[in-house]
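Take a look at the structure set out below.
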Amino acid sequence: MGSKYPRSVRGCLPLWVLTVETAFILLFFFFTSYDDTSTDQETLMGTYRVFQDVTTMAALGLGFLNASLWRHGWSGVAFNLFLLALGAQWAVLLDGFLNQSIRQKTILHLPRIQKATVSALSVLISAGAVLGKANLVQLVLMALVEVTAFSTMRMLGLTVLGVDDHSSMMSIHVFAAYFGLAVSWCLSRPLPKAAEEKEQTATSPSLFAMLGTRFLWMFWPSFNGMLFVQVERMKAVSNTYYALAVSTVTATSVSALAHPQGKINMTHIHNAVLAGGVAVGATCHMIHSPWFSMALGLVAALISIGGAKCLPVCLNRVLGIHDSCGVHYTFGLPGLLGGVAYIVLMVTHSIWSGKNRIFYQVLVDTGALSLAMAMGLLSGLLAGLLLSLKVWKAPPVAKYFDDQAFWEFPHLAVGF
């Protein structure tokens, strides 16, 4: 008896991935070299600790956060690590190609690898919107397109709009959320009842997702402060912590308020407690008093839970967008709030310092936020159209959210 699951991607995945990996090795051979200059040991160890924190966020935090689906936990965790490893390699190469002459070799040092890891983080965020609806071959293509688009967007922000490196990096939340939603719009179809049942969460997977939330919660201050030193890093870490603390308390209480019987929704806790860290990302180094970051954390949690209650119906039924892990109200909406807060603080700073170019400052900051959203949507649509091609052997709708379409289960009967 044949398998009731779709044909494997054996004929496509190894050839496609090994070709890409071979190309990466050749590009690293011809176009990269290590930084041989001496570096202060204390500075090096400080950079390495922040790098480890960011890697832990990406590999464990987002990995386990995407493990909440009942029958898609293996893929949620393992595909996350695969995409992180692949995306970081491509991001290192792109960083060199886009920021220097192609005749020069890219000098590899720890800060460049750290930024590449953050660029790959955009893929992990977006993957939450299409999780369970795409196979690994499609996700590879999505990773290559998204890292390219995100690196290009950062370059345009730095060179054309003149935004600083931290602000361009913190646009990752808005960019990745709307990239993922655009891809999901291209891939989504009306889900059959069986697929909707498999999309539900269960107790053990939800606990794994809560573990991912805890990792993200603990290391988010390092993520927001990674590009700063001394006083600015202290402000970034402190303000992120206060925002996360308030969003956690707010999310828990408002989740109970939103339920007719006063019960707390675990999905709200998975996502909304992180909204404060997202919202304060762009402004964390500029805030001189904790009350403002705390207020951002409170508003971000309210927006996140409000989105979780109202937006799924609107996105699914009206726009035909299925957001598997709620990246819109976890990253997208709080990211937009953070962008608006950044514009307000920059205008306030311009007024206090007596600058006359306030309108120009608003125009530039609004342009940077709009660029992140527009690049996310347009590149996401491009990636989604490419992923919709039949050559990638996408899983049929009836087999969405099912690990058995991709993984070997030795304890089950032959044919699965």
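As shown in the structure tokens, the chain order sets the letters A, B, ...; within each chain, residues go from 1, and ligands are also counted from 1 in the order they appear.
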Residues within 6 Å of stretch 102-110 of chain A, only C-alpha atoms, excluding chain neighbours under 2 positions, as a list in words: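 Non-adjacent residues within range: Phe31, Thr32, Ser33, Tyr34, Asp35, Gly96, Phe97, Arg112 and Ile113 of chain A.
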Could you write out that same residue set with N, CA and C atoms as an mmCIF file, in the first residue's frame?
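What follows is the written file result29.cif:
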```cif
data_model
loop_
_atom_site.group_PDB
_atom_site.id
_atom_site.type_symbol
_atom_site.label_atom_id
_atom_site.label_comp_id
_atom_site.auth_asym_id
_atom_site.auth_seq_id
_atom_site.Cartn_x
_atom_site.Cartn_y
_atom_site.Cartn_z
ATOM 1 N N PHE A 31 36.416 35.144 -2.057
ATOM 2 C CA PHE A 31 36.067 36.520 -1.709
ATOM 3 C C PHE A 31 36.144 36.861 -0.224
ATOM 4 N N THR A 32 36.620 35.967 0.631
ATOM 5 C CA THR A 32 36.682 36.278 2.059
ATOM 6 C C THR A 32 38.050 35.949 2.629
ATOM 7 N N SER A 33 38.369 36.613 3.732
ATOM 8 C CA SER A 33 39.580 36.302 4.497
ATOM 9 C C SER A 33 39.347 36.755 5.934
ATOM 10 N N TYR A 34 40.102 36.180 6.857
ATOM 11 C CA TYR A 34 39.947 36.537 8.265
ATOM 12 C C TYR A 34 40.666 37.844 8.580
ATOM 13 N N ASP A 35 40.187 38.509 9.615
ATOM 14 C CA ASP A 35 40.811 39.726 10.108
ATOM 15 C C ASP A 35 42.010 39.335 10.975
ATOM 16 N N GLY A 96 29.484 41.744 2.631
ATOM 17 C CA GLY A 96 30.700 42.164 1.952
ATOM 18 C C GLY A 96 30.446 42.666 0.547
ATOM 19 N N PHE A 97 29.594 41.981 -0.198
ATOM 20 C CA PHE A 97 29.335 42.362 -1.586
ATOM 21 C C PHE A 97 28.653 43.724 -1.694
ATOM 22 N N ARG A 112 30.769 41.247 12.153
ATOM 23 C CA ARG A 112 30.134 40.957 10.864
ATOM 24 C C ARG A 112 29.318 39.661 10.947
ATOM 25 N N ILE A 113 29.846 38.658 11.639
ATOM 26 C CA ILE A 113 29.103 37.403 11.805
ATOM 27 C C ILE A 113 27.868 37.643 12.665
#
```
Between atom CA of A:Phe401 and atom CA of A:Gln138, distance in Å (one decimal): 15.0 Å
A:Trp74 surroundings by only C-alpha atoms, 12 Å radius, close-in-sequence under 2 positions cut, as a ChimeraX atom specification: /A:63-64,66-72,76-81,131-132,205,208,401-409
Within 12 Å of A:Leu319 using only C-alpha atoms, minus same-chain residues under 4 positions, as a PyMOL selection string: chain A and resi 181-182+184-186+188-190+311-315+323
